[in-house]
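Q: File follows, protein-v5.txt with compact mmCIF, C-alpha atoms:
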```txt
# COMPACT_ATOMS: atom_id res chain seq x y z
CA MET F 1 131.67 105.68 74.59
CA THR F 2 133.74 108.68 73.41
CA PRO F 3 133.42 111.49 75.96
CA LEU F 4 132.20 114.84 74.64
CA GLN F 5 133.68 118.08 75.93
CA PHE F 6 131.81 121.06 77.30
CA LYS F 7 134.30 123.44 75.68
CA ASP F 8 133.40 122.12 72.22
CA ALA F 9 129.65 122.29 72.57
CA PHE F 10 128.68 125.54 74.31
CA TRP F 11 129.53 128.37 71.91
CA GLY F 12 127.21 130.86 70.19
CA ALA F 13 127.13 132.42 66.70
CA ASP F 14 126.39 135.85 68.12
CA PHE F 15 129.50 137.63 69.33
CA CYS F 16 127.75 138.90 72.44
CA SER F 17 125.75 135.74 73.08
CA SER F 18 126.25 133.85 76.39
CA LEU F 19 123.71 131.06 75.86
CA GLY F 20 126.32 128.32 76.17
CA TYR F 21 127.66 129.71 79.44
CA GLU F 22 124.11 130.16 80.79
CA ALA F 23 123.28 126.54 79.88
CA LEU F 24 126.32 125.38 81.86
CA ILE F 25 125.40 127.52 84.85
CA GLN F 26 121.85 126.14 84.78
CA ARG F 27 123.23 122.60 84.72
CA LEU F 28 125.43 123.31 87.74
CA CYS F 29 122.49 124.84 89.62
CA ASP F 30 120.41 121.77 88.85
CA GLY F 31 123.27 119.57 90.06
CA ARG F 32 123.49 121.55 93.29
CA ARG F 33 119.75 121.06 93.78
CA MET F 34 120.20 117.33 93.19
CA CYS F 35 122.89 117.22 95.87
CA LYS F 36 120.51 118.94 98.25
CA ASP F 37 117.77 116.43 97.40
CA MET F 38 120.17 113.55 98.12
CA GLU F 39 121.08 115.15 101.44
CA ASP F 40 117.38 115.45 102.34
CA LEU F 41 116.82 111.80 101.42
CA LEU F 42 119.70 110.66 103.63
CA LYS F 43 118.53 112.91 106.46
CA MET F 44 115.00 111.53 106.36
CA ARG F 45 116.32 107.97 106.15
CA ALA F 46 118.65 108.63 109.09
CA MET F 47 115.73 110.00 111.14
CA ALA F 48 113.61 106.98 110.25
CA GLU F 49 116.42 104.56 111.17
CA GLU F 50 117.05 106.35 114.46
CA ARG F 51 113.36 106.42 115.34
CA TYR F 52 112.95 102.75 114.39
CA GLY F 53 116.04 101.74 116.35
CA LYS F 54 114.91 103.59 119.48
CA GLU F 55 111.47 102.03 119.24
CA LEU F 56 113.01 98.56 118.98
CA VAL F 57 115.18 99.24 122.04
CA THR F 58 112.12 100.47 123.95
CA ILE F 59 110.11 97.40 122.94
CA ALA F 60 112.92 95.07 124.00
CA ARG F 61 113.28 96.76 127.39
CA LYS F 62 109.55 96.96 128.11
CA ALA F 63 108.78 93.38 127.11
CA GLY F 64 107.97 91.14 130.07
CA GLY F 65 108.59 87.42 130.18
CA GLN F 66 109.67 87.28 133.83
CA SER F 67 106.96 84.74 134.58
CA GLU F 68 108.37 82.18 132.14
CA ILE F 69 110.96 79.55 133.11
CA SER F 70 113.62 77.28 131.68
CA THR F 71 114.47 77.02 127.97
CA LEU F 72 111.51 79.06 126.70
CA LYS F 73 112.48 81.91 129.01
CA ALA F 74 116.04 81.71 127.67
CA SER F 75 114.73 81.91 124.10
CA PHE F 76 112.48 84.84 124.96
CA ASP F 77 115.38 86.65 126.67
CA ASP F 78 117.52 86.02 123.59
CA LEU F 79 114.76 87.45 121.42
CA LYS F 80 114.59 90.61 123.53
CA ALA F 81 118.37 90.94 123.53
CA GLN F 82 118.59 90.52 119.75
CA ILE F 83 115.76 92.99 119.17
CA GLU F 84 117.71 95.49 121.25
CA ASN F 85 120.86 94.67 119.28
CA VAL F 86 118.98 95.21 116.01
CA GLY F 87 117.70 98.53 117.35
CA ASN F 88 121.24 99.61 118.26
CA LEU F 89 122.45 98.58 114.79
CA HIS F 90 119.78 100.76 113.20
CA ILE F 91 120.82 103.65 115.46
CA GLN F 92 124.42 103.14 114.32
CA LEU F 93 123.22 103.11 110.70
CA SER F 94 121.47 106.41 111.40
CA GLY F 95 124.79 107.85 112.60
CA ALA F 96 126.56 106.63 109.46
CA LEU F 97 123.89 108.24 107.27
CA LYS F 98 124.27 111.52 109.14
CA GLU F 99 128.02 111.44 108.53
CA GLU F 100 127.33 110.86 104.83
CA VAL F 101 125.03 113.88 104.86
CA LYS F 102 127.82 116.01 106.33
CA ARG F 103 130.23 114.87 103.61
CA MET F 104 127.64 115.70 100.96
CA GLU F 105 127.15 119.17 102.41
CA GLN F 106 130.90 119.81 102.50
CA PHE F 107 131.26 118.64 98.89
CA ARG F 108 128.39 120.86 97.79
CA GLU F 109 129.91 123.88 99.52
CA ARG F 110 133.33 123.25 97.94
CA GLN F 111 131.76 123.07 94.50
CA LYS F 112 129.79 126.23 95.20
CA GLU F 113 132.94 128.18 96.14
CA GLN F 114 134.81 126.98 93.06
CA ARG F 115 131.86 127.72 90.79
CA LYS F 116 131.43 131.20 92.27
CA LYS F 117 135.09 131.94 91.59
CA PHE F 118 134.85 131.05 87.90
CA GLU F 119 131.47 132.72 87.59
CA GLY F 120 133.07 135.97 88.76
CA ILE F 121 135.92 135.64 86.25
CA MET F 122 133.54 134.83 83.40
CA GLU F 123 131.19 137.68 84.27
CA LYS F 124 134.10 140.11 84.34
CA VAL F 125 135.48 138.96 80.99
CA GLN F 126 132.02 138.89 79.45
CA LYS F 127 131.33 142.38 80.70
CA THR F 128 134.65 143.67 79.29
CA LYS F 129 133.96 142.00 75.96
CA ILE F 130 130.48 143.52 75.67
CA SER F 131 131.72 146.96 76.66
CA LEU F 132 134.59 146.92 74.17
CA PHE F 133 132.33 145.51 71.48
CA LYS F 134 129.97 148.44 71.90
CA LYS F 135 132.93 150.85 71.80
CA THR F 136 134.25 149.20 68.65
CA MET F 137 130.87 149.36 66.96
CA GLU F 138 130.67 153.07 67.84
CA SER F 139 134.13 153.68 66.40
CA LYS F 140 133.11 151.78 63.28
CA ARG F 141 130.03 153.96 62.91
CA LEU F 142 132.15 157.09 63.36
CA TYR F 143 134.76 155.81 60.93
CA GLU F 144 132.14 155.12 58.27
CA GLN F 145 130.62 158.55 58.84
CA LYS F 146 134.00 160.26 58.47
CA CYS F 147 134.72 158.31 55.33
CA ARG F 148 131.42 159.45 53.80
CA GLU F 149 132.14 163.01 54.80
CA ALA F 150 135.62 162.84 53.25
CA ASP F 151 134.23 161.39 50.04
CA ASP F 152 131.61 164.10 49.86
CA ALA F 153 134.18 166.81 50.52
CA GLU F 154 136.53 165.49 47.83
CA GLN F 155 133.73 165.29 45.29
CA ALA F 156 132.67 168.83 46.13
CA ALA F 157 136.25 170.06 45.74
CA GLU F 158 136.50 168.41 42.33
CA ARG F 159 133.29 170.03 41.20
CA VAL F 160 134.42 173.45 42.36
CA THR F 161 137.84 173.06 40.74
CA SER F 162 136.35 171.99 37.43
CA ALA F 163 133.79 174.77 37.44
CA PRO F 164 134.78 177.70 35.06
CA THR F 165 133.36 180.29 37.40
CA ALA F 166 135.24 179.09 40.48
CA THR F 167 138.00 181.30 41.78
CA PRO F 168 141.34 179.88 42.89
CA LYS F 169 140.54 180.88 46.46
CA GLN F 170 137.29 178.87 46.47
CA ALA F 171 139.06 175.88 44.98
CA GLU F 172 141.79 176.06 47.62
CA LYS F 173 139.20 176.33 50.36
CA MET F 174 137.38 173.23 49.12
CA GLN F 175 140.64 171.36 48.78
CA ASN F 176 141.57 172.17 52.39
CA LYS F 177 138.17 171.04 53.62
CA ALA F 178 138.44 167.77 51.70
CA LYS F 179 141.90 167.27 53.13
CA GLN F 180 140.65 167.84 56.69
CA CYS F 181 137.79 165.41 56.18
CA ARG F 182 140.16 162.80 54.86
CA GLU F 183 142.46 163.28 57.85
CA ALA F 184 139.47 162.91 60.21
CA ALA F 185 138.48 159.72 58.37
CA ALA F 186 142.02 158.43 58.75
CA ASP F 187 141.97 159.19 62.48
CA ALA F 188 138.61 157.40 62.81
CA GLU F 189 140.02 154.49 60.87
CA LYS F 190 142.99 154.28 63.20
CA GLN F 191 140.70 154.40 66.25
CA TYR F 192 138.44 151.77 64.72
CA MET F 193 141.39 149.48 63.96
CA ALA F 194 142.78 149.96 67.46
CA ASN F 195 139.45 149.04 68.95
CA ILE F 196 139.25 145.99 66.69
CA GLU F 197 142.68 144.85 67.85
CA GLN F 198 141.79 145.42 71.49
CA LEU F 199 138.47 143.66 71.05
CA ASP F 200 140.22 140.71 69.44
CA LYS F 201 142.56 140.44 72.43
CA VAL F 202 139.56 140.52 74.77
CA ARG F 203 137.82 137.94 72.58
CA GLN F 204 140.80 135.62 72.79
CA GLU F 205 140.94 136.12 76.56
CA TRP F 206 137.19 135.42 76.79
CA GLU F 207 137.52 132.29 74.66
CA SER F 208 140.40 131.04 76.80
CA THR F 209 138.48 131.79 79.99
CA HIS F 210 135.36 130.17 78.57
CA GLU F 211 137.29 127.01 77.67
CA SER F 212 138.94 126.77 81.08
CA THR F 213 135.60 127.44 82.77
CA CYS F 214 133.97 124.71 80.68
CA GLU F 215 136.74 122.32 81.70
CA VAL F 216 136.29 123.20 85.38
CA PHE F 217 132.52 122.89 85.16
CA GLN F 218 132.82 119.54 83.38
CA GLN F 219 135.17 118.35 86.09
CA GLN F 220 132.70 119.54 88.72
CA GLU F 221 129.90 117.68 87.00
CA GLY F 222 132.01 114.54 86.85
CA ASP F 223 132.85 114.83 90.54
CA ARG F 224 129.23 115.50 91.45
CA ILE F 225 127.89 112.54 89.49
CA ASN F 226 130.60 110.32 90.94
CA ILE F 227 129.89 111.48 94.50
CA LEU F 228 126.14 110.98 94.16
CA ARG F 229 126.56 107.61 92.49
CA ASN F 230 128.94 106.47 95.23
CA ALA F 231 126.63 107.85 97.94
CA MET F 232 123.68 105.88 96.59
CA TRP F 233 125.87 102.80 96.17
CA VAL F 234 127.16 103.07 99.73
CA HIS F 235 123.63 103.67 100.99
CA CYS F 236 122.38 100.49 99.31
CA ASN F 237 125.37 98.57 100.71
CA GLN F 238 124.62 99.89 104.18
CA LEU F 239 121.02 98.76 103.94
CA SER F 240 122.08 95.36 102.64
CA MET F 241 124.60 94.97 105.46
CA GLN F 242 121.91 96.05 107.91
CA SER F 243 119.65 93.31 106.61
CA VAL F 244 122.46 90.77 106.95
CA LYS F 245 123.17 91.91 110.51
CA ASP F 246 119.47 91.76 111.35
CA ASP F 247 119.31 88.21 110.01
CA GLU F 248 122.40 87.25 112.01
CA CYS F 249 120.75 88.55 115.17
CA TYR F 250 117.56 86.67 114.48
CA GLU F 251 119.57 83.56 113.62
CA GLU F 252 120.83 83.65 117.21
CA VAL F 253 117.21 83.57 118.35
CA ARG F 254 116.45 80.65 116.01
CA LEU F 255 119.42 78.73 117.42
CA SER F 256 118.13 79.41 120.91
CA LEU F 257 114.66 78.21 119.92
CA GLU F 258 116.18 74.98 118.66
CA GLN F 259 117.30 74.36 122.25
CA CYS F 260 113.80 75.04 123.58
CA ASP F 261 112.39 71.69 124.77
CA ILE F 262 108.82 71.15 125.94
CA THR F 263 109.74 68.19 128.14
CA VAL F 264 112.61 70.06 129.78
CA ASP F 265 110.38 73.04 130.54
CA ASN F 266 107.62 70.90 131.99
CA ASN F 267 110.08 68.86 134.06
CA ASN F 268 111.69 72.03 135.29
CA PHE F 269 108.33 73.45 136.34
CA ILE F 270 107.46 70.23 138.19
CA GLU F 271 110.81 70.22 139.99
CA MET F 272 110.44 73.87 141.00
CA LYS F 273 106.77 74.01 141.94
CA SER F 274 105.86 70.40 142.87
CA THR F 275 103.39 70.22 145.81
CA GLY F 276 103.31 66.48 146.35
CA THR F 277 103.22 63.14 144.60
CA THR F 278 100.14 61.58 146.26
CA PRO F 279 96.51 62.79 146.45
CA PRO F 280 94.91 63.55 149.83
CA LEU F 281 93.36 60.71 151.84
CA PRO F 282 89.55 60.35 151.75
CA ILE F 283 87.45 61.87 154.51
CA VAL F 284 85.96 59.07 156.69
CA PHE F 285 82.94 59.21 158.98
CA GLU F 286 83.74 59.64 162.62
CA ASN F 287 80.95 58.82 165.13
CA TYR F 288 80.87 61.50 167.73
CA TYR F 289 79.90 59.07 170.45
CA ASP F 290 82.70 56.64 169.60
CA ARG F 291 85.31 59.23 170.51
CA GLU F 292 87.22 59.11 173.76
CA PRO F 293 85.34 61.01 176.51
CA CYS F 294 86.78 64.41 177.15
CA THR F 295 87.32 65.76 180.62
CA ASP F 296 86.61 69.17 181.99
CA SER F 297 89.02 71.28 183.88
CA ASN F 298 88.29 69.33 187.10
CA GLY F 299 89.16 65.99 185.43
CA ILE F 300 85.55 64.75 185.51
CA GLY F 301 84.39 62.99 182.34
CA VAL F 302 81.70 64.87 180.52
CA ARG F 303 79.29 63.03 178.20
CA PHE F 304 75.60 63.08 177.58
CA GLY F 305 73.74 60.23 179.19
CA GLY F 306 71.49 57.94 177.25
CA GLY F 307 68.39 59.27 178.97
CA VAL F 308 69.24 62.86 178.22
CA MET F 309 69.99 62.00 174.58
CA LYS F 310 66.73 60.09 174.24
CA ARG F 311 64.80 63.04 175.55
CA PHE F 312 66.69 65.38 173.21
CA SER F 313 65.96 63.08 170.29
CA ASN F 314 62.29 62.83 171.21
CA LEU F 315 62.14 66.59 171.55
CA LEU F 316 63.55 67.03 168.05
CA GLN F 317 61.21 64.41 166.68
CA GLY F 318 58.23 66.06 168.38
CA ASN F 319 59.15 69.47 166.96
CA SER F 320 59.68 68.09 163.50
CA SER F 321 56.39 66.13 163.43
CA ALA F 322 54.47 69.39 163.17
CA SER F 323 56.29 70.36 160.01
CA ARG F 324 56.15 66.88 158.46
CA ASN F 325 52.68 67.63 157.06
CA ASN F 326 54.04 70.46 154.88
CA VAL F 327 56.86 68.70 153.08
CA ASN F 328 56.86 66.90 149.73
CA ASP F 329 57.05 63.19 149.06
CA SER F 330 60.82 63.22 149.00
CA SER F 331 60.95 64.80 152.48
CA ALA F 332 58.42 62.27 153.78
CA SER F 333 60.47 59.30 152.59
CA THR F 334 63.54 60.84 154.18
CA ALA F 335 61.70 61.25 157.48
CA THR F 336 60.55 57.61 157.34
CA HIS F 337 64.14 56.51 156.95
CA SER F 338 65.12 58.68 159.91
CA GLU F 339 62.49 57.00 162.11
CA THR F 340 64.08 53.60 161.49
CA SER F 341 67.41 54.81 162.89
CA ASP F 342 68.55 54.25 166.45
CA GLY F 343 66.91 57.46 167.69
CA VAL F 344 70.19 59.21 168.18
CA TYR F 345 69.82 61.94 165.52
CA ALA F 346 66.87 64.17 164.94
CA SER F 347 64.92 63.70 161.73
CA ILE F 348 65.82 66.55 159.29
CA PRO F 349 63.58 66.78 156.22
CA GLY F 350 65.31 66.95 152.80
CA CYS F 351 68.52 65.33 154.00
CA VAL F 352 69.89 61.88 153.36
CA PRO F 353 72.02 59.85 155.74
CA GLY F 354 75.48 61.37 155.94
CA GLY F 355 74.15 64.96 155.97
CA ALA F 356 74.55 65.72 152.19
CA PRO F 357 71.55 67.25 150.31
CA ARG F 358 70.05 65.03 147.63
CA PRO F 359 70.49 66.75 144.20
CA ALA F 360 67.25 67.46 142.34
CA ALA F 361 66.85 65.63 139.03
CA VAL F 362 66.93 68.11 136.13
CA GLU F 363 65.94 67.02 132.65
CA TYR F 364 67.75 68.35 129.56
CA GLN F 365 67.16 67.78 125.85
CA ALA F 366 70.02 67.00 123.40
CA LEU F 367 70.53 69.72 120.78
CA TYR F 368 73.06 67.76 118.70
CA ASP F 369 74.24 64.21 118.12
CA TYR F 370 77.30 63.15 120.07
CA SER F 371 79.27 59.90 119.77
CA ALA F 372 81.20 58.74 122.81
CA GLN F 373 84.98 58.90 122.35
CA SER F 374 85.93 57.03 125.53
CA PRO F 375 84.35 54.50 127.93
CA ASP F 376 83.39 57.19 130.47
CA GLU F 377 81.38 59.15 127.85
CA LEU F 378 77.76 58.61 126.76
CA SER F 379 76.43 58.76 123.17
CA ILE F 380 73.27 60.87 122.68
CA SER F 381 71.03 61.77 119.75
CA VAL F 382 69.16 64.94 118.88
CA GLY F 383 65.91 65.26 120.87
CA GLU F 384 66.73 62.68 123.57
CA ILE F 385 65.85 63.56 127.15
CA VAL F 386 68.57 63.00 129.75
CA VAL F 387 68.90 63.71 133.45
CA VAL F 388 71.88 65.84 134.47
CA LEU F 389 73.60 64.45 137.55
CA ASP F 390 76.59 66.80 137.69
CA GLU F 391 77.62 69.94 135.82
CA GLY F 392 81.40 69.88 135.62
CA ASP F 393 83.37 73.16 135.61
CA ASP F 394 85.33 71.94 132.58
CA GLY F 395 82.20 71.88 130.38
CA TRP F 396 81.63 68.09 130.61
CA TRP F 397 78.37 67.08 132.37
CA THR F 398 77.48 63.71 133.87
CA VAL F 399 74.04 62.61 132.61
CA GLU F 400 71.82 59.54 132.93
CA ARG F 401 69.57 57.98 130.30
CA ASN F 402 67.72 54.71 130.57
CA GLY F 403 69.89 53.58 133.46
CA GLN F 404 73.16 54.44 131.60
CA SER F 405 75.33 57.35 132.71
CA GLY F 406 78.36 59.07 131.26
CA LEU F 407 79.97 62.39 130.23
CA VAL F 408 78.64 64.59 127.41
CA PRO F 409 79.47 68.20 126.39
CA GLY F 410 77.29 70.60 128.36
CA SER F 411 76.95 72.89 125.34
CA TYR F 412 75.07 70.09 123.52
CA LEU F 413 72.17 70.19 126.08
CA ASN F 414 69.25 72.53 126.64
CA LYS F 415 67.14 72.60 129.77
CA VAL F 416 63.61 71.29 129.20
```
Please express what this file holds, its structure, as structure tokens.
A:
Amino acid sequence: MTPLQFKDAFWGADFCSSLGYEALIQRLCDGRRMCKDMEDLLKMRAMAEERYGKELVTIARKAGGQSEISTLKASFDDLKAQIENVGNLHIQLSGALKEEVKRMEQFRERQKEQRKKFEGIMEKVQKTKISLFKKTMESKRLYEQKCREADDAEQAAERVTSAPTATPKQAEKMQNKAKQCREAAADAEKQYMANIEQLDKVRQEWESTHESTCEVFQQQEGDRINILRNAMWVHCNQLSMQSVKDDECYEEVRLSLEQCDITVDNNNFIEMKSTGTTPPLPIVFENYYDREPCTDSNGIGVRFGGGVMKRFSNLLQGNSSASRNNVNDSSASTATHSETSDGVYASIPGCVPGGAPRPAAVEYQALYDYSAQSPDELSISVGEIVVVLDEGDDGWWTVERNGQSGLVPGSYLNKV
């Protein structure tokens, strides 16, 4: 595209008009405002990047993960480290944006100083031109007035000279007056022409200054547009590079996650925290009277005699017989079993041999159908009545139905 020139497009038909110059000044003021807007944009973006970066660093440093082990811990540590790196990169980007803002401010100030210089020159020339134009127009008015006066005086002198009654003295007087008026008109003409010449010199100077000012302003506009375009270009490149750097950091985390192995972590936990490879032995019944007799401090064996134990057993049985009338059928059957023993232990209602309480049978109704998924589970249907034998902490209950027992979900049952 063919470039147009400011100096060819901002003139005015009126000699005193300055519309073209004012349009240029308005354009430069708008350009300065645009530079300020770009600076504000970069400042706000720099503040946002700095705030975001600091928040990322804070997040990375406050994140826990100390309780994890092995490869997952390594991946989590890499994630924290890369988040902190990303935060530092955004803080660096904030610094770069602030430097760009400083360059924009310096450029704007340089353009302002140069523009002010040419504005002063143009205002001075324009002022001189307007002043001389007014002076020239005044001299023109005076010149035209003197010319009219001279013409009138000459016409009056001719009339007096041609009049038969006019005396030679009157004719001479009128001739002298006409001559003086003509001389005054000539002087006014000379002054008018001098002013015209001077005004033309000022006009040429003004035109030259206007052209040079237009060239400078056009160069300023070109520089401003180029600077702003480059600033926006660089800003977009910085953001793109930031995205690439962010992705590179997160790629490190992804590579670390590829090394995260479930088996390795579980094996590592077992190796670090293992408490044993075999379960505890079962608890067996130990008959108190089958133990080795203990001795007192004098070395004499101490043990209850059979007669004493019999009396103690009979005493317990006698005391418990009074309460046997107030127990339920289950307690009575338990007492009957106790009476068939060897008389060593006292009969305790509600207890079974071995000392463990017998669990009470509780009936539950099935709320939903359930199909057994393994041999140790029991299938049930809606509405069936089952007896709960054990309520497991894991949510699986052991139930019995028609002589069959197995595990069912406890949430599927409702107490009758």
Q: Nearest residue to F:Ala361 out of F:Thr2, F:Ser208, F:Thr71, F:Thr398, using all atoms listed in the file?
A: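 For F:Ala361, the nearest of the given residues is F:Thr398.
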Q: Between atom CA of F:Lys140 and atom CA of F:Asp152, measure the distance and give it in Å to one decimal.
A: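 Computing the Euclidean distance for atom CA of F:Lys140 and atom CA of F:Asp152 yields 18.3 Å.
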Q: Would you work out the distance separating atom CA of F:Trp206 from atom CA of F:Phe10, expressed in Å to one decimal?
A: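 Calculated distance between atom CA of F:Trp206 and atom CA of F:Phe10 is 13.3 Å.
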Q: For atom CA of F:Glu197 and atom CA of F:Gly120, quote the distance in Å rounded to one decimal.
A: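 Spanning atom CA of F:Glu197 to atom CA of F:Gly120 is a straight-line distance of 24.7 Å.
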Q: Find, counting only C-alpha atoms, the residue in F:Phe217, F:Trp233, F:Tyr143, F:Tyr364 that gets nearest to F:Tyr192.
A: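 The shortest atom-to-atom distance to F:Tyr192 comes from F:Tyr143.
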Q: In terms of the shortest atom-to-atom distance over all atoms listed in the file, which of F:Gln155, F:Ser70, F:Gln92, F:Ser131 is closest to F:Met174?
A: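 Of the candidates, the smallest distance to F:Met174 is held by F:Gln155.
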Q: Nearest residue to F:Glu105 out of F:Met38, F:Val216, F:Ala23, F:Val202, using only C-alpha atoms?
A: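 Between F:Met38, F:Val216, F:Ala23, F:Val202, the residue approaching F:Glu105 most closely is F:Met38.
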Q: Any idea what's packed within 8 Å of F:His210, counting only C-alpha atoms, ignoring anything in its chain fewer than 4 positions away? Could you give it as a tab-separated table (two decimals) with C-alpha atoms, in the coordinates of the input?
A:
```
chain	number	residue	atom	x	y	z
F	7	LYS	CA	134.30	123.44	75.68
F	21	TYR	CA	127.66	129.71	79.44
F	122	MET	CA	133.54	134.83	83.40
F	206	TRP	CA	137.19	135.42	76.79
F	214	CYS	CA	133.97	124.71	80.68
```
Q: At a cut-off of 10 Å, using all atoms listed in the file, what residues contact stretch 26-31 of chain F? Leave out same-chain residues fewer than 3 positions from it and give the result as an NGL selection string.
A: :F and (20-23 or 34-37 or 108 or 111-112 or 115 or 217-218 or 220-221 or 224-225 or 228)
Q: In the coordinates of the file, take the point (120.0, 83.1, 117.3) and a cut-off of 12 Å; then, counting all atoms listed in the file, name each qualifying protein, DNA or RNA residue as a list of chain:residue names.
A: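 Returned residue set, sorted by chain then number, is F:Ala74, F:Ser75, F:Phe76, F:Asp77, F:Asp78, F:Leu79, F:Lys80, F:Ala81, F:Gln82, F:Ile83, F:Asn85, F:Lys245, F:Asp246, F:Asp247, F:Glu248, F:Cys249, F:Tyr250, F:Glu251, F:Glu252, F:Val253, F:Arg254, F:Leu255, F:Ser256, F:Leu257, F:Glu258, F:Gln259, F:Cys260.
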Q: Using only C-alpha atoms, please write the residues we just selected to a file, as a tab-separated table (two decimals), keeping the file's coordinate frame.
A:
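The result, stored in selection32.tsv:
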```tsv
chain	number	residue	atom	x	y	z
F	74	ALA	CA	116.04	81.71	127.67
F	75	SER	CA	114.73	81.91	124.10
F	76	PHE	CA	112.48	84.84	124.96
F	77	ASP	CA	115.38	86.65	126.67
F	78	ASP	CA	117.52	86.02	123.59
F	79	LEU	CA	114.76	87.45	121.42
F	80	LYS	CA	114.59	90.61	123.53
F	81	ALA	CA	118.37	90.94	123.53
F	82	GLN	CA	118.59	90.52	119.75
F	83	ILE	CA	115.76	92.99	119.17
F	85	ASN	CA	120.86	94.67	119.28
F	245	LYS	CA	123.17	91.91	110.51
F	246	ASP	CA	119.47	91.76	111.35
F	247	ASP	CA	119.31	88.21	110.01
F	248	GLU	CA	122.40	87.25	112.01
F	249	CYS	CA	120.75	88.55	115.17
F	250	TYR	CA	117.56	86.67	114.48
F	251	GLU	CA	119.57	83.56	113.62
F	252	GLU	CA	120.83	83.65	117.21
F	253	VAL	CA	117.21	83.57	118.35
F	254	ARG	CA	116.45	80.65	116.01
F	255	LEU	CA	119.42	78.73	117.42
F	256	SER	CA	118.13	79.41	120.91
F	257	LEU	CA	114.66	78.21	119.92
F	258	GLU	CA	116.18	74.98	118.66
F	259	GLN	CA	117.30	74.36	122.25
F	260	CYS	CA	113.80	75.04	123.58
```
Q: Give me, as JSON lines, each residue of stretch 196-274 of chain F that comes within 12 Å of stretch 39-63 of chain F, together with its shortest interatomic pair and the distance in Å at one decimal, counting all atoms listed in the file, with rows ordered by chain and rising residue number.
A:
```
{"residue": "F:Ile227", "atom": "CA", "partner": "F:Glu39", "partner_atom": "CA", "distance": 11.8}
{"residue": "F:Leu228", "atom": "CA", "partner": "F:Glu39", "partner_atom": "CA", "distance": 9.8}
{"residue": "F:Ala231", "atom": "CA", "partner": "F:Leu42", "partner_atom": "CA", "distance": 9.4}
{"residue": "F:Met232", "atom": "CA", "partner": "F:Leu42", "partner_atom": "CA", "distance": 9.4}
{"residue": "F:Val234", "atom": "CA", "partner": "F:Leu42", "partner_atom": "CA", "distance": 11.3}
{"residue": "F:His235", "atom": "CA", "partner": "F:Leu42", "partner_atom": "CA", "distance": 8.4}
{"residue": "F:Cys236", "atom": "CA", "partner": "F:Leu42", "partner_atom": "CA", "distance": 11.4}
{"residue": "F:Gln238", "atom": "CA", "partner": "F:Ala46", "partner_atom": "CA", "distance": 11.7}
{"residue": "F:Leu239", "atom": "CA", "partner": "F:Glu49", "partner_atom": "CA", "distance": 10.3}
{"residue": "F:Gln242", "atom": "CA", "partner": "F:Glu49", "partner_atom": "CA", "distance": 10.6}
{"residue": "F:Asp246", "atom": "CA", "partner": "F:Gly53", "partner_atom": "CA", "distance": 11.7}
```
Q: If you count only C-alpha atoms, which residues fall within 8 Å of F:Thr209, apart from same-chain ones fewer than 4 positions away, as a list in words?
A: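 The filter keeps Ile121, Met122, Val125, Glu205 and Thr213 of chain F.
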Q: Would you fill the gaps in stretch 273-280 of chain F so it has N, CA, C and O atoms, then print it as an mmCIF file, in the frame of the given file?
A:
```cif
data_model
loop_
_atom_site.group_PDB
_atom_site.id
_atom_site.type_symbol
_atom_site.label_atom_id
_atom_site.label_comp_id
_atom_site.auth_asym_id
_atom_site.auth_seq_id
_atom_site.Cartn_x
_atom_site.Cartn_y
_atom_site.Cartn_z
ATOM 1 N N LYS F 273 108.037 73.665 141.309
ATOM 2 C CA LYS F 273 106.770 74.010 141.940
ATOM 3 C C LYS F 273 105.984 72.794 142.434
ATOM 4 O O LYS F 273 104.806 72.920 142.790
ATOM 5 N N SER F 274 106.582 71.606 142.473
ATOM 6 C CA SER F 274 105.860 70.400 142.870
ATOM 7 C C SER F 274 105.309 70.547 144.287
ATOM 8 O O SER F 274 106.001 71.017 145.197
ATOM 9 N N THR F 275 104.037 70.125 144.485
ATOM 10 C CA THR F 275 103.390 70.220 145.810
ATOM 11 C C THR F 275 103.142 68.870 146.453
ATOM 12 O O THR F 275 102.599 68.799 147.556
ATOM 13 N N GLY F 276 103.506 67.810 145.787
ATOM 14 C CA GLY F 276 103.310 66.480 146.350
ATOM 15 C C GLY F 276 103.069 65.461 145.263
ATOM 16 O O GLY F 276 102.617 65.790 144.172
ATOM 17 N N THR F 277 103.352 64.200 145.600
ATOM 18 C CA THR F 277 103.220 63.140 144.600
ATOM 19 C C THR F 277 102.024 62.230 144.842
ATOM 20 O O THR F 277 101.771 61.328 144.043
ATOM 21 N N THR F 278 101.302 62.432 145.960
ATOM 22 C CA THR F 278 100.140 61.580 146.260
ATOM 23 C C THR F 278 98.943 62.454 146.545
ATOM 24 O O THR F 278 99.087 63.544 147.129
ATOM 25 N N PRO F 279 97.722 61.990 146.176
ATOM 26 C CA PRO F 279 96.510 62.790 146.450
ATOM 27 C C PRO F 279 96.169 62.717 147.931
ATOM 28 O O PRO F 279 96.657 61.848 148.663
ATOM 29 N N PRO F 280 95.295 63.587 148.405
ATOM 30 C CA PRO F 280 94.910 63.550 149.830
ATOM 31 C C PRO F 280 94.081 62.324 150.150
ATOM 32 O O PRO F 280 93.411 61.747 149.270
#
```
